[in-house]
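Next comes protein_22.cif, a file with mmCIF, C-alpha atoms and all ligand atoms.
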```cif
data_protein
loop_
_atom_site.label_atom_id
_atom_site.label_comp_id
_atom_site.auth_asym_id
_atom_site.auth_seq_id
_atom_site.Cartn_x
_atom_site.Cartn_y
_atom_site.Cartn_z
CA ASP A 1 0.00 0.00 0.00
CA LEU A 2 2.96 2.34 -0.33
CA PHE A 3 3.51 4.67 -3.21
CA TYR A 4 6.71 6.46 -3.94
CA CYS A 5 6.86 10.14 -4.61
CA GLY A 6 10.04 12.15 -4.71
CA TYR A 7 12.16 10.83 -1.89
CA ARG A 8 9.29 9.99 0.38
CA TYR A 9 7.05 7.01 0.76
CA PHE A 10 3.44 7.63 1.54
CA CYS A 11 0.98 5.12 2.77
CA THR A 12 -2.00 5.31 0.46
CA CYS A 13 -4.22 4.79 3.46
CA PHE A 14 -2.78 7.89 5.07
CA LEU A 15 -5.53 10.43 5.60
CA GLN A 16 -7.94 8.16 3.82
CA ARG A 17 -10.14 8.08 6.82
CA LEU A 18 -10.59 11.75 7.42
CA HIS A 19 -11.21 13.47 4.14
CA LYS A 20 -13.44 16.46 3.68
CA GLU A 21 -14.82 17.15 0.22
CA LEU A 22 -16.18 20.65 -0.22
CA HIS A 23 -16.44 21.08 -3.98
CA ALA A 24 -18.29 18.30 -5.77
CA HIS A 25 -20.90 18.78 -8.51
CA LEU A 26 -23.40 15.94 -8.32
CA ASN A 27 -23.69 15.20 -12.03
CA GLY A 28 -19.95 15.59 -12.55
CA SER A 29 -19.30 13.02 -9.83
CA VAL A 30 -21.11 10.06 -11.42
CA SER A 31 -18.80 7.02 -11.51
CA PHE A 32 -18.32 4.59 -14.37
CA SER A 33 -20.37 1.91 -12.64
CA THR A 34 -23.32 4.27 -12.19
CA ILE A 35 -23.01 5.43 -15.80
CA LYS A 36 -23.30 1.78 -16.86
CA LYS A 37 -26.57 1.42 -14.93
CA LEU A 38 -27.91 4.63 -16.49
CA VAL A 39 -26.91 3.55 -20.00
CA ALA A 40 -28.73 0.25 -19.45
CA ARG A 41 -31.86 2.22 -18.52
CA LYS A 42 -31.58 4.34 -21.69
CA PRO A 43 -29.99 2.27 -24.47
CA HIS A 44 -31.73 4.40 -27.11
CA LEU A 45 -29.43 7.33 -26.28
CA ASN A 46 -26.41 5.38 -27.60
CA ILE A 47 -24.10 6.89 -25.03
CA GLU A 48 -20.70 5.34 -24.36
CA HIS A 49 -18.47 5.96 -21.39
CA GLY A 50 -15.95 7.85 -23.51
CA MET A 51 -18.60 10.55 -23.85
CA THR A 52 -19.04 11.05 -20.11
CA ALA A 53 -15.45 11.00 -18.82
CA ILE A 54 -12.01 12.38 -19.59
CA ARG A 55 -9.47 9.67 -18.95
CA SER A 56 -5.92 9.91 -17.72
CA GLY A 57 -3.62 11.81 -20.05
CA GLN A 58 -6.55 13.27 -22.00
CA ARG A 59 -7.20 16.98 -22.16
CA ARG A 60 -10.29 18.83 -23.33
CA THR A 61 -11.13 22.42 -23.99
CA LEU A 62 -13.47 24.02 -21.48
CA ASP A 63 -16.15 23.98 -24.12
CA GLU A 64 -15.76 20.24 -24.68
CA CYS A 65 -15.92 19.69 -20.92
CA PHE A 66 -19.25 21.47 -20.75
CA GLN A 67 -20.54 19.29 -23.60
CA VAL A 68 -19.80 16.31 -21.35
CA PHE A 69 -22.25 17.63 -18.76
CA LYS A 70 -24.94 17.82 -21.42
CA VAL A 71 -24.48 14.12 -22.16
CA ILE A 72 -24.64 13.23 -18.46
CA HIS A 73 -27.75 15.36 -18.03
CA GLN A 74 -29.42 13.33 -20.78
CA LEU A 75 -28.64 10.18 -18.83
CA VAL A 76 -29.76 11.61 -15.49
CA ASP A 77 -33.19 13.01 -16.20
CA THR A 78 -35.74 11.35 -13.92
CA GLU A 79 -36.42 11.28 -10.22
CA GLU A 80 -35.21 7.66 -9.99
CA ASP A 81 -31.99 8.56 -11.81
CA ILE A 82 -31.25 11.47 -9.51
CA LEU A 83 -31.96 9.43 -6.40
CA MET A 84 -29.70 6.60 -7.60
CA VAL A 85 -26.93 8.92 -8.74
CA ALA A 86 -26.93 10.89 -5.49
CA LYS A 87 -26.91 7.73 -3.35
CA ASP A 88 -24.12 6.14 -5.41
CA VAL A 89 -22.02 9.32 -5.27
CA ILE A 90 -22.44 9.62 -1.49
CA ARG A 91 -21.50 5.95 -0.97
CA GLU A 92 -18.45 6.33 -3.22
CA PHE A 93 -17.17 9.36 -1.34
CA ALA A 94 -17.69 7.46 1.91
CA ALA A 95 -15.75 4.49 0.52
CA ASP A 96 -12.89 6.86 -0.31
CA GLY A 97 -12.71 7.86 3.35
CA VAL A 98 -14.62 11.13 3.04
CA LYS A 99 -16.27 11.83 6.39
CA TYR A 100 -17.78 15.16 5.44
CA LEU A 101 -19.15 15.96 2.00
CA GLU A 102 -20.71 19.09 0.58
CA LEU A 103 -22.52 18.21 -2.62
CA ARG A 104 -23.81 20.84 -5.00
CA SER A 105 -26.23 20.49 -7.88
CA THR A 106 -28.26 22.64 -10.24
CA PRO A 107 -32.04 22.13 -10.23
CA ARG A 108 -32.88 21.92 -13.91
CA LYS A 109 -35.85 23.21 -15.91
CA GLU A 110 -38.94 21.14 -15.36
CA LYS A 111 -39.16 20.49 -19.11
CA THR A 112 -35.88 18.56 -19.08
CA THR A 113 -36.49 16.35 -16.06
CA GLY A 114 -40.25 16.07 -15.78
CA MET A 115 -40.01 17.30 -12.22
CA THR A 116 -40.07 20.68 -10.58
CA LYS A 117 -36.91 22.29 -9.26
CA ARG A 118 -38.33 21.85 -5.79
CA ARG A 119 -38.76 18.11 -6.39
CA TYR A 120 -35.21 17.95 -7.73
CA VAL A 121 -33.81 19.32 -4.49
CA GLU A 122 -36.15 17.13 -2.43
CA THR A 123 -34.84 14.08 -4.26
CA VAL A 124 -31.21 14.89 -3.44
CA ILE A 125 -32.21 15.51 0.19
CA GLU A 126 -34.02 12.16 0.18
CA ALA A 127 -30.82 10.46 -1.04
CA ILE A 128 -28.86 12.09 1.78
CA ARG A 129 -31.45 10.93 4.32
CA GLN A 130 -31.57 7.38 2.94
CA CYS A 131 -27.77 7.07 3.11
CA LYS A 132 -27.85 8.29 6.68
CA ASN A 133 -30.55 5.74 7.58
CA GLU A 134 -28.56 2.99 5.89
CA GLY A 135 -25.62 3.80 8.12
CA VAL A 136 -23.25 5.15 5.46
CA ASP A 137 -20.47 6.71 7.52
CA ILE A 138 -20.46 10.25 6.15
CA GLU A 139 -22.03 13.61 6.93
CA VAL A 140 -23.49 15.25 3.85
CA ARG A 141 -24.63 18.82 3.29
CA PHE A 142 -26.08 20.36 0.17
CA LEU A 143 -25.49 23.57 -1.78
CA VAL A 144 -28.10 24.56 -4.34
CA ALA A 145 -26.34 25.60 -7.53
CA VAL A 146 -27.03 28.54 -9.80
CA ASP A 147 -25.97 28.06 -13.41
CA ARG A 148 -24.67 31.48 -14.47
CA ARG A 149 -25.87 30.89 -18.02
CA ASN A 150 -29.50 31.12 -16.95
CA GLY A 151 -29.42 34.76 -15.91
CA ALA A 152 -30.69 36.97 -13.12
CA GLU A 153 -34.30 35.84 -12.87
CA VAL A 154 -33.53 32.15 -12.54
CA ALA A 155 -30.75 32.96 -10.08
CA MET A 156 -33.20 34.84 -7.86
CA GLU A 157 -35.73 32.01 -8.09
CA THR A 158 -33.05 29.52 -7.11
CA VAL A 159 -32.00 31.62 -4.14
CA LYS A 160 -35.60 31.63 -2.88
CA LEU A 161 -35.76 27.87 -3.30
CA ALA A 162 -32.47 27.43 -1.45
CA GLU A 163 -33.69 29.67 1.36
CA ASP A 164 -36.90 27.63 1.74
CA PHE A 165 -34.88 24.43 1.96
CA MET A 166 -32.36 25.91 4.35
CA LEU A 167 -35.24 26.63 6.70
CA SER A 168 -36.99 23.28 6.27
CA THR A 169 -34.20 20.67 6.19
CA ASP A 170 -32.65 20.93 9.65
CA GLY A 171 -29.45 22.37 8.28
CA LEU A 172 -28.92 19.95 5.38
CA VAL A 173 -29.10 22.76 2.81
CA VAL A 174 -26.37 25.13 3.85
CA GLY A 175 -25.61 27.33 0.91
CA LEU A 176 -25.55 28.44 -2.66
CA ASP A 177 -23.06 27.68 -5.42
CA LEU A 178 -22.45 29.78 -8.51
CA SER A 179 -21.11 27.70 -11.38
CA GLY A 180 -21.62 26.92 -15.06
CA ASP A 181 -19.65 27.91 -18.14
CA PRO A 182 -17.46 30.81 -16.95
CA THR A 183 -17.31 32.29 -20.44
CA VAL A 184 -21.07 32.90 -20.47
CA GLY A 185 -22.83 35.80 -18.74
CA HIS A 186 -21.54 38.33 -16.24
CA GLY A 187 -21.65 38.21 -12.46
CA ARG A 188 -22.93 41.78 -12.24
CA ASP A 189 -26.36 40.58 -13.32
CA LEU A 190 -26.38 37.98 -10.57
CA LEU A 191 -25.22 40.28 -7.81
CA PRO A 192 -28.69 41.03 -6.37
CA ALA A 193 -29.48 37.31 -6.12
CA LEU A 194 -26.14 36.51 -4.52
CA GLN A 195 -26.48 39.35 -2.07
CA LYS A 196 -29.96 38.19 -1.13
CA ALA A 197 -28.61 34.69 -0.54
CA LYS A 198 -25.90 36.03 1.72
CA ASN A 199 -28.35 38.20 3.65
CA CYS A 200 -30.72 35.34 4.36
CA GLY A 201 -27.95 33.22 5.85
CA LEU A 202 -27.02 30.96 2.96
CA LYS A 203 -23.27 30.33 2.68
CA LEU A 204 -21.85 31.36 -0.68
CA SER A 205 -19.34 29.37 -2.71
CA LEU A 206 -18.64 31.11 -6.01
CA HIS A 207 -16.65 29.86 -9.00
CA LEU A 208 -14.37 32.83 -9.57
CA SER A 209 -11.66 33.63 -12.12
CA GLU A 210 -11.76 30.08 -13.46
CA VAL A 211 -10.70 31.50 -16.83
CA PRO A 212 -8.65 34.62 -17.70
CA SER A 213 -10.28 38.03 -18.23
CA GLN A 214 -12.75 37.78 -15.39
CA ALA A 215 -10.93 40.25 -13.16
CA ASP A 216 -13.78 42.80 -13.21
CA GLU A 217 -16.34 40.22 -12.30
CA SER A 218 -14.13 38.76 -9.59
CA GLU A 219 -13.58 42.16 -8.04
CA LEU A 220 -17.31 42.74 -7.87
CA LEU A 221 -18.12 39.32 -6.43
CA LEU A 222 -15.21 39.19 -4.00
CA ASN A 223 -16.57 42.22 -2.25
CA ILE A 224 -19.86 40.54 -1.33
CA PRO A 225 -17.77 38.66 0.10
CA PRO A 226 -18.34 34.96 -0.64
CA ASP A 227 -17.64 32.37 2.05
CA ARG A 228 -15.47 30.29 -0.28
CA ILE A 229 -14.02 30.59 -3.77
CA GLY A 230 -14.14 27.82 -6.37
CA HIS A 231 -10.86 27.58 -8.32
CA GLY A 232 -9.71 31.23 -8.34
CA THR A 233 -7.22 30.15 -10.98
CA TYR A 234 -6.58 33.60 -12.46
CA LEU A 235 -6.78 35.79 -9.37
CA HIS A 236 -3.09 36.36 -8.75
CA PRO A 237 -0.97 38.87 -10.68
CA GLU A 238 1.40 36.30 -12.27
CA VAL A 239 -1.43 34.94 -14.41
CA GLY A 240 -3.12 38.22 -15.28
CA GLY A 241 -5.10 38.75 -12.09
CA SER A 242 -4.00 41.50 -9.73
CA GLN A 243 -2.53 42.19 -6.33
CA SER A 244 -5.70 44.00 -5.37
CA LEU A 245 -7.78 40.86 -6.03
CA VAL A 246 -5.36 38.84 -3.91
CA ASP A 247 -5.50 41.48 -1.18
CA THR A 248 -9.29 41.32 -1.11
CA VAL A 249 -9.22 37.54 -0.76
CA ARG A 250 -6.62 37.89 2.01
CA LYS A 251 -8.54 40.62 3.80
CA HIS A 252 -11.63 38.45 4.08
CA ASN A 253 -9.58 35.28 4.57
CA THR A 254 -11.82 33.59 2.00
CA PRO A 255 -10.83 29.92 1.56
CA LEU A 256 -10.15 28.53 -1.91
CA GLU A 257 -11.42 25.20 -3.22
CA LEU A 258 -8.68 23.80 -5.44
CA CYS A 259 -9.20 21.00 -7.94
CA LEU A 260 -5.94 19.91 -9.56
CA THR A 261 -7.03 17.26 -12.04
CA SER A 262 -10.08 19.23 -13.13
CA ASN A 263 -7.96 22.28 -13.97
CA VAL A 264 -5.29 20.29 -15.79
CA LYS A 265 -7.73 18.17 -17.82
CA GLY A 266 -9.87 21.21 -18.57
CA GLN A 267 -6.68 23.04 -19.57
CA THR A 268 -7.17 26.13 -17.48
CA VAL A 269 -3.84 25.18 -15.87
CA SER A 270 -0.99 23.94 -18.08
CA SER A 271 0.42 21.25 -15.76
CA TYR A 272 0.19 20.02 -12.18
CA SER A 273 3.38 21.82 -11.18
CA GLN A 274 1.96 25.09 -12.55
CA HIS A 275 -1.17 24.80 -10.44
CA HIS A 276 -1.99 27.85 -8.32
CA PHE A 277 -2.17 25.61 -5.26
CA LEU A 278 1.47 26.53 -4.65
CA TYR A 279 0.91 30.29 -4.80
CA TRP A 280 -1.75 30.21 -2.11
CA TYR A 281 -0.21 27.43 -0.07
CA GLN A 282 3.09 29.24 0.26
CA MET A 283 1.22 32.26 1.51
CA GLY A 284 -0.45 30.15 4.18
CA HIS A 285 -3.86 31.00 2.78
CA PRO A 286 -6.69 28.54 3.60
CA SER A 287 -7.00 26.20 0.62
CA VAL A 288 -8.93 22.96 0.42
CA ILE A 289 -8.17 20.15 -2.03
CA CYS A 290 -11.31 19.02 -3.83
CA THR A 291 -12.37 16.87 -6.79
CA ASP A 292 -14.86 19.13 -8.66
CA ASP A 293 -16.19 16.33 -10.89
CA LYS A 294 -14.72 12.98 -9.85
CA GLY A 295 -16.66 11.05 -12.51
CA VAL A 296 -15.90 13.30 -15.45
CA PHE A 297 -12.24 13.70 -14.51
CA CYS A 298 -11.77 10.07 -13.37
CA THR A 299 -10.37 10.86 -9.97
CA ASP A 300 -11.20 10.71 -6.28
CA LEU A 301 -10.22 12.78 -3.28
CA SER A 302 -7.42 10.44 -2.15
CA GLN A 303 -5.88 10.72 -5.58
CA GLU A 304 -6.08 14.51 -5.47
CA TYR A 305 -4.31 14.57 -2.09
CA GLN A 306 -1.63 12.24 -3.43
CA LEU A 307 -1.17 14.42 -6.50
CA ALA A 308 -0.76 17.50 -4.32
CA ALA A 309 1.76 15.66 -2.14
CA SER A 310 3.85 14.36 -5.01
CA THR A 311 3.72 17.53 -7.11
CA PHE A 312 4.56 19.94 -4.32
CA ASN A 313 6.66 17.61 -2.22
CA LEU A 314 4.47 17.80 0.86
CA SER A 315 5.29 15.77 3.94
CA GLN A 316 2.78 13.66 5.84
CA GLU A 317 2.68 16.39 8.46
CA ASP A 318 1.90 18.99 5.75
CA MET A 319 -0.88 16.81 4.38
CA TRP A 320 -2.24 16.25 7.81
CA THR A 321 -2.37 19.96 8.51
CA LEU A 322 -3.96 20.66 5.14
CA SER A 323 -6.65 18.12 5.88
CA GLN A 324 -7.20 19.44 9.39
CA LYS A 325 -7.53 23.04 8.27
CA ALA A 326 -10.23 22.07 5.81
CA ILE A 327 -12.53 21.51 8.79
CA ASP A 328 -12.65 25.24 9.44
CA CYS A 329 -13.71 25.89 5.86
CA THR A 330 -16.83 23.74 5.99
CA PHE A 331 -20.31 25.24 5.98
CA ALA A 332 -21.59 23.15 8.90
CA PRO A 333 -20.69 24.93 12.12
CA ASP A 334 -22.56 22.28 14.11
CA LEU A 335 -20.10 19.61 12.94
CA LYS A 336 -16.79 21.41 13.29
CA GLN A 337 -16.15 20.39 16.85
CA GLN A 338 -17.06 16.78 16.16
CA LEU A 339 -14.77 16.68 13.11
CA HIS A 340 -11.87 18.21 15.04
CA GLN A 341 -12.42 15.60 17.75
CA LYS A 342 -12.34 12.74 15.23
CA TRP A 343 -9.22 14.22 13.70
CA LEU A 344 -7.43 14.33 17.07
CA GLU A 345 -8.43 10.78 17.94
CA LEU A 346 -7.13 9.35 14.68
CA ARG A 347 -3.91 11.31 14.50
CA PRO A 348 -1.77 8.95 16.63
CA THR A 349 -2.88 5.90 14.64
CA LEU A 350 -1.96 7.53 11.34
CA PHE A 351 1.51 8.62 12.38
CA GLN A 352 2.57 5.19 13.60
CA LEU A 353 3.98 4.36 10.18
C1 LIG B 1 -15.45 22.29 -17.88
C2 LIG B 1 -14.67 22.05 -16.65
C3 LIG B 1 -13.20 22.13 -16.78
C4 LIG B 1 -15.34 21.77 -15.53
C5 LIG B 1 -14.91 22.08 -14.20
N1 LIG B 1 -15.33 23.35 -13.81
C6 LIG B 1 -16.62 23.74 -13.68
N2 LIG B 1 -16.81 25.06 -13.78
C7 LIG B 1 -18.05 25.57 -13.70
N3 LIG B 1 -19.13 24.84 -13.51
C8 LIG B 1 -18.98 23.51 -13.38
C9 LIG B 1 -17.72 22.89 -13.45
N4 LIG B 1 -17.89 21.57 -13.27
C10 LIG B 1 -19.23 21.38 -13.10
N5 LIG B 1 -19.90 22.54 -13.19
C11 LIG B 1 -21.35 22.77 -13.10
O1 LIG B 1 -21.96 21.61 -12.58
C12 LIG B 1 -22.95 21.09 -13.48
C13 LIG B 1 -23.01 19.59 -13.38
O2 LIG B 1 -23.50 19.18 -12.11
P1 LIG B 1 -25.03 19.38 -11.65
O3 LIG B 1 -25.92 19.09 -12.81
O4 LIG B 1 -25.16 20.79 -11.18
O5 LIG B 1 -25.20 18.36 -10.56
C14 LIG B 1 -22.49 21.62 -14.82
O6 LIG B 1 -23.54 21.67 -15.73
C15 LIG B 1 -21.94 23.00 -14.47
O7 LIG B 1 -22.99 23.92 -14.36
ZN ZN B 2 -16.70 23.36 -9.86
#
```
Turn the structure described in the file into structure tokens.
Amino acid sequence: DLFYCGYRYFCTCFLQRLHKELHAHLNGSVSFSTIKKLVARKPHLNIEHGMTAIRSGQRRTLDECFQVFKVIHQLVDTEEDILMVAKDVIREFAADGVKYLELRSTPRKEKTTGMTKRRYVETVIEAIRQCKNEGVDIEVRFLVAVDRRNGAEVAMETVKLAEDFMLSTDGLVVGLDLSGDPTVGHGRDLLPALQKAKNCGLKLSLHLSEVPSQADESELLLNIPPDRIGHGTYLHPEVGGSQSLVDTVRKHNTPLELCLTSNVKGQTVSSYSQHHFLYWYQMGHPSVICTDDKGVFCTDLSQEYQLAASTFNLSQEDMWTLSQKAIDCTFAPDLKQQLHQKWLELRPTLFQL
């Protein structure tokens, strides 16, 4: 169970029992085995696995990556599909050692799924509850996602939906995500909806500066401020961002969700060693390693931690600290103490190696 990286050996089971995953899109997280079940339900769609995943060594343009989501959405378009997909994804994260998971997903137009947006969210919540009742060892929270492509009105509608669920699900719905093709639309139009979300107590995780030339938008959105940033690939001055953007992030101490494989396969980052993880890590800024879309990018959280360790030559102690600090970035204040406790209890057993 040892893998070699640089001059250090790591035990692959190291940290495998205490992961936190904070940035996972439901329909991007569908595994190969679940895809097979979906394809069997819908043979008429003629979809092959190559159309729903980007394998190792492959790269795609951002545009091609977003086409992949369209294919997956065709496969996942009924209440039964969504329930199955959400339960499978939760079980798979648990099997990878994830103890705390924040899932996010975009309620789609009723026309495309035959169910209302409200029912869509209810179905994901039902999956979370069923997993809990079945004893799956993982705490799951949900962020309702806004697809930026759909504009201001839909964003506002989604915020209202998220607020309703936040109030009615005993803390299972904790926040709002802003995602979707970063080259489409402008955050200024979504500002009122995002501000409303913030004011009603929803936590905000915003995909920001995922592609170049979004500095204006990022400046606007960073001042809300969000509670976490997805990617933030082009925030810093060396890649065309600016010191003032970095200063704003620093001032609010806004954690970053960093997804190595996603950025390399989607070609917003040229190689693992060029990943902006290093920039923020060296500054001691809170950064959390995440998967983004474990199904589409054929990865899991353990693999992402291993990649970070081998690429940036991190020690077990470094990895441990990284994993511990992620607890403070979660959107479930009620669980923080419990997670810290678990972390302390397991620490001696993990360092026996
Ligand atoms: C293309 C690429 C490199 C992807 C990674 N970066 C991403 N950036 C922005 N939005 C995303 C990304 N990955 C997934 N999403 C969002 O998540 C959706 C899929 O999950 P869901 O249907 O919301 O459950 C996508 O349609 C998209 O709106
Ligand atoms: Zn994402």
Please identify all polymer residues within 10 Å of Cys65 (chain A), counting only C-alpha atoms, omitting same-chain residues fewer than 4 positions from it, and present them as a PDB file with C-alpha atoms, in the frame of the given file.
```
ATOM      1  CA  MET A  51     -18.600  10.550 -23.850  1.00  0.00           C
ATOM      2  CA  THR A  52     -19.040  11.050 -20.110  1.00  0.00           C
ATOM      3  CA  ALA A  53     -15.450  11.000 -18.820  1.00  0.00           C
ATOM      4  CA  ILE A  54     -12.010  12.380 -19.590  1.00  0.00           C
ATOM      5  CA  ARG A  59      -7.200  16.980 -22.160  1.00  0.00           C
ATOM      6  CA  ARG A  60     -10.290  18.830 -23.330  1.00  0.00           C
ATOM      7  CA  THR A  61     -11.130  22.420 -23.990  1.00  0.00           C
ATOM      8  CA  PHE A  69     -22.250  17.630 -18.760  1.00  0.00           C
ATOM      9  CA  LYS A  70     -24.940  17.820 -21.420  1.00  0.00           C
ATOM     10  CA  ASP A 181     -19.650  27.910 -18.140  1.00  0.00           C
ATOM     11  CA  SER A 262     -10.080  19.230 -13.130  1.00  0.00           C
ATOM     12  CA  LYS A 265      -7.730  18.170 -17.820  1.00  0.00           C
ATOM     13  CA  GLY A 266      -9.870  21.210 -18.570  1.00  0.00           C
ATOM     14  CA  GLN A 267      -6.680  23.040 -19.570  1.00  0.00           C
ATOM     15  CA  VAL A 296     -15.900  13.300 -15.450  1.00  0.00           C
ATOM     16  CA  PHE A 297     -12.240  13.700 -14.510  1.00  0.00           C
TER      17      PHE A 297
END
```
Inset, instruction - Dump the neighbourhood of ligand ZN 2 (chain B) as a PyMOL selection string: all residues within 7 Å, distances computed on all atoms listed in the file. - result: chain A and resi 23-25+179+207+230+292
Let me have the centre and edge lengths in Å, one decimal, of the box along x, y and z around every listed atom of ligand LIG 1 (chain B) with 5 Å of margin on each side, as lines of an AutoDock Vina configuration file.
```
center_x = -19.6
center_y = 22.0
center_z = -14.2
size_x = 22.7
size_y = 17.2
size_z = 17.3
```
Inset, instruction - Give the answer as one residue: which of A:Lys36, A:Lys294, A:Arg55, A:Lys20 has the shortest atom-to-atom distance to ligand LIG 1 (chain B), using all atoms listed in the file? - result: A:Lys294
Inset, instruction - Enter the distance from CA of Gly232 (chain A) to CA of Leu206 (chain A), in Å, rounded to one decimal. - result: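 That distance, rounded to one decimal, is 9.2 Å.
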Inset, instruction - Measure the distance from CA of Leu350 (chain A) to CA of Cys298 (chain A) in Å and round it to one decimal. - result: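 Rounded to one decimal, the two atoms are 26.7 Å apart.
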Legend entry - Long-range neighbours of Ala155 (chain A) as a PyMOL selection string, 7 Å cut-off, all atoms listed in the file, 5 positions minimum in chain: chain A and resi 146+190+193
Legend entry - Expected answer as a list in words: all residues with atoms within 12 Å of (0.1, 19.8, 5.8), all atoms listed in the file: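 Within the cut-off we find Leu15, Tyr281, Gln282, Gly284, Pro286, Ser287, Val288, Ile289, Tyr305, Ala308, Ala309, Phe312, Asn313, Leu314, Ser315, Gln316, Glu317, Asp318, Met319, Trp320, Thr321, Leu322, Ser323, Gln324, Lys325 and Ala326 of chain A.
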Legend entry - Close residues, region 240-244 of chain A itself excluded, 10 Å, all atoms listed in the file, min 2 positions apart in chain, as an MDAnalysis selection string: chainID A and resid 209 212:216 218:219 232:238 246:250
Inset, instruction - Identify which of the residues A:Glu153, A:Glu257, A:Glu92, A:Asp170 lies closest to ligand LIG 1 (chain B), counting only C-alpha atoms and all ligand atoms when measuring atom-to-atom distances. - result: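 Comparing A:Glu153, A:Glu257, A:Glu92, A:Asp170 against ligand LIG 1 (chain B), the winner is A:Glu257.
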Inset, instruction - Could you check how far CA of Glu21 (chain A) sits from CA of Leu258 (chain A), in Å to one decimal? - result: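 Going from CA of Glu21 (chain A) over to CA of Leu258 (chain A), I get 10.7 Å.
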Using only C-alpha atoms, which protein or nucleic acid residues come within 12 Å of Thr330 (chain A)? Drop anything in the same chain fewer than 4 positions from it, and give the result as a PDB file with C-alpha atoms, in the frame of the given file.
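Below is the file that was written, out26.pdb:
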```pdb
ATOM      1  CA  HIS A  19     -11.210  13.470   4.140  1.00  0.00           C
ATOM      2  CA  LYS A  20     -13.440  16.460   3.680  1.00  0.00           C
ATOM      3  CA  GLU A  21     -14.820  17.150   0.220  1.00  0.00           C
ATOM      4  CA  LEU A  22     -16.180  20.650  -0.220  1.00  0.00           C
ATOM      5  CA  HIS A  23     -16.440  21.080  -3.980  1.00  0.00           C
ATOM      6  CA  LYS A  99     -16.270  11.830   6.390  1.00  0.00           C
ATOM      7  CA  TYR A 100     -17.780  15.160   5.440  1.00  0.00           C
ATOM      8  CA  LEU A 101     -19.150  15.960   2.000  1.00  0.00           C
ATOM      9  CA  GLU A 102     -20.710  19.090   0.580  1.00  0.00           C
ATOM     10  CA  LEU A 103     -22.520  18.210  -2.620  1.00  0.00           C
ATOM     11  CA  GLU A 139     -22.030  13.610   6.930  1.00  0.00           C
ATOM     12  CA  VAL A 140     -23.490  15.250   3.850  1.00  0.00           C
ATOM     13  CA  ARG A 141     -24.630  18.820   3.290  1.00  0.00           C
ATOM     14  CA  PHE A 142     -26.080  20.360   0.170  1.00  0.00           C
ATOM     15  CA  LEU A 143     -25.490  23.570  -1.780  1.00  0.00           C
ATOM     16  CA  VAL A 174     -26.370  25.130   3.850  1.00  0.00           C
ATOM     17  CA  GLY A 175     -25.610  27.330   0.910  1.00  0.00           C
ATOM     18  CA  LYS A 203     -23.270  30.330   2.680  1.00  0.00           C
ATOM     19  CA  LEU A 204     -21.850  31.360  -0.680  1.00  0.00           C
ATOM     20  CA  SER A 205     -19.340  29.370  -2.710  1.00  0.00           C
ATOM     21  CA  ASP A 227     -17.640  32.370   2.050  1.00  0.00           C
ATOM     22  CA  ARG A 228     -15.470  30.290  -0.280  1.00  0.00           C
ATOM     23  CA  THR A 254     -11.820  33.590   2.000  1.00  0.00           C
ATOM     24  CA  PRO A 255     -10.830  29.920   1.560  1.00  0.00           C
ATOM     25  CA  LEU A 256     -10.150  28.530  -1.910  1.00  0.00           C
ATOM     26  CA  GLU A 257     -11.420  25.200  -3.220  1.00  0.00           C
ATOM     27  CA  PRO A 286      -6.690  28.540   3.600  1.00  0.00           C
ATOM     28  CA  SER A 287      -7.000  26.200   0.620  1.00  0.00           C
ATOM     29  CA  VAL A 288      -8.930  22.960   0.420  1.00  0.00           C
ATOM     30  CA  SER A 323      -6.650  18.120   5.880  1.00  0.00           C
ATOM     31  CA  GLN A 324      -7.200  19.440   9.390  1.00  0.00           C
ATOM     32  CA  LYS A 325      -7.530  23.040   8.270  1.00  0.00           C
ATOM     33  CA  ALA A 326     -10.230  22.070   5.810  1.00  0.00           C
ATOM     34  CA  ASP A 334     -22.560  22.280  14.110  1.00  0.00           C
ATOM     35  CA  LEU A 335     -20.100  19.610  12.940  1.00  0.00           C
ATOM     36  CA  LYS A 336     -16.790  21.410  13.290  1.00  0.00           C
ATOM     37  CA  GLN A 337     -16.150  20.390  16.850  1.00  0.00           C
ATOM     38  CA  LEU A 339     -14.770  16.680  13.110  1.00  0.00           C
ATOM     39  CA  HIS A 340     -11.870  18.210  15.040  1.00  0.00           C
TER      40      HIS A 340
END
```
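Nearest residue to ligand LIG 1 (chain B) among A:Thr268, A:Arg41, A:Ile90, A:Thr34 is A:Thr268, counting all atoms listed in the file.
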Legend entry - From A:Thr106, A:Asn150, A:Ser29, A:Thr349, residue lying nearest Asp300 (chain A) [only C-alpha atoms]: A:Ser29
Legend entry - Long-range neighbours of Met115 (chain A) as a PyMOL selection string, 8 Å cut-off, all atoms listed in the file, 4 positions minimum in chain: chain A and resi 78-79+110-111+119-120
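Counting all atoms listed in the file and comparing A:Asp177, A:Asp293, A:Glu48, A:Glu217, the residue that lies closest to ligand LIG 1 (chain B) is A:Asp293.
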Legend entry - Pick from A:Ser270, A:Ser168, A:Gln130, A:Thr158 nearest to Lys109 (chain A), counting all atoms listed in the file: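 Answer, going by the shortest atom-to-atom distance: A:Thr158.
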Inset, instruction - Within 10 Å of (-31.4, 33.9, -2.8) (coordinates as in the file), grab all the protein and nucleic acid residues, counting all atoms listed in the file, and write them out as JSON, numbers by chain. - result: {"A": [146, 155, 156, 157, 158, 159, 160, 161, 162, 163, 164, 175, 176, 192, 193, 194, 195, 196, 197, 198, 199, 200, 201, 202]}
